[in-house]
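Engineer: Below is one structure. I have some questions about it.
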Amino acid sequence: MNQERRAQWLRGVLDLCVLALLSRGESYGYELSQALRAHGLGTVQGGTLYPVLLRLQRSGLLTAHWREGGTGPARKYYRISPAGSAALRAAAIDWSAFASSVGTILREEPKR
């Protein structure tokens, strides 16, 4: 896949993906990065992910708290807020409609 195109797509949906992952349970940055990778979105660097987490937190869509690590330093855990859950539901509907429209265009037979 073209890496520049992938990066552009990811910028457009990373907040939605983060909200969706956190709707399944709280998590910390590195764990979220690994989950995004496991879902096929490639490596998402901290310099990309952490500003998104901070923006979502400042917008009231996430809450965060520090928790001592068992074998390492404390970690900042994120949890989706009720406002984040509502935003996720609305954005998921919007995304489905948008992706469907793009899919329709891509599947259309070229005119000859």
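In the structure tokens, the first chain shown is A, the next is B, and so on; residue numbers restart at 1 for each chain, and ligands run from 1 in the order shown.
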Name all residues at most 12 Å from Ala7 of chain A (count only C-alpha atoms; drop same-chain ones fewer than 3 positions away) and give them as an MDAnalysis selection string.
Structural biologist: chainID A and resid 1:4 10:14 41:45 48
Engineer: Against segment 67-89 of chain A, which residues of segment 25-50 of chain A fall within 7 Å? For each one I want the closest pair of atoms and the distance in Å (one decimal), counting only C-alpha atoms, rows by chain and increasing residue number, as a Markdown table.
Structural biologist:
```
| residue | atom | partner | partner_atom | distance |
| --- | --- | --- | --- | --- |
| A:Gly25 | CA | A:Arg79 | CA | 6.8 |
| A:Glu26 | CA | A:Arg79 | CA | 4.6 |
| A:Ser27 | CA | A:Tyr77 | CA | 5.2 |
| A:Tyr28 | CA | A:Tyr77 | CA | 4.5 |
```
Engineer: Mind listing the strand (DSSP E) residues of segment 1-102 of chain A, per DSSP on the backbone, as a ChimeraX atom specification?
Structural biologist: /A:27-28,62-67,75-80
Engineer: Between A:Leu106, A:Ala38, A:Arg112, A:Tyr30, which residue has the minimum interatomic distance to Tyr50 of chain A, considering only C-alpha atoms?
Structural biologist: A:Tyr30
Engineer: Extract the full set of alpha helix (DSSP H) residues from segment 47-104 of chain A according to DSSP on the backbone, and format it as JSON, numbers by chain.
Structural biologist: {"A": [47, 48, 49, 50, 51, 52, 53, 54, 55, 56, 57, 58, 82, 83, 84, 85, 86, 87, 88, 89, 90, 91, 92, 93, 94, 95, 96, 97, 98, 99, 100, 101, 102, 103, 104]}
Engineer: Pick from A:Glu109, A:Pro51, A:Ile93, A:Thr63: nearest to Leu22 of chain A, with only C-alpha atoms counted?
Structural biologist: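 When distances to Leu22 of chain A are compared using only C-alpha atoms, the smallest one comes from A:Thr63.
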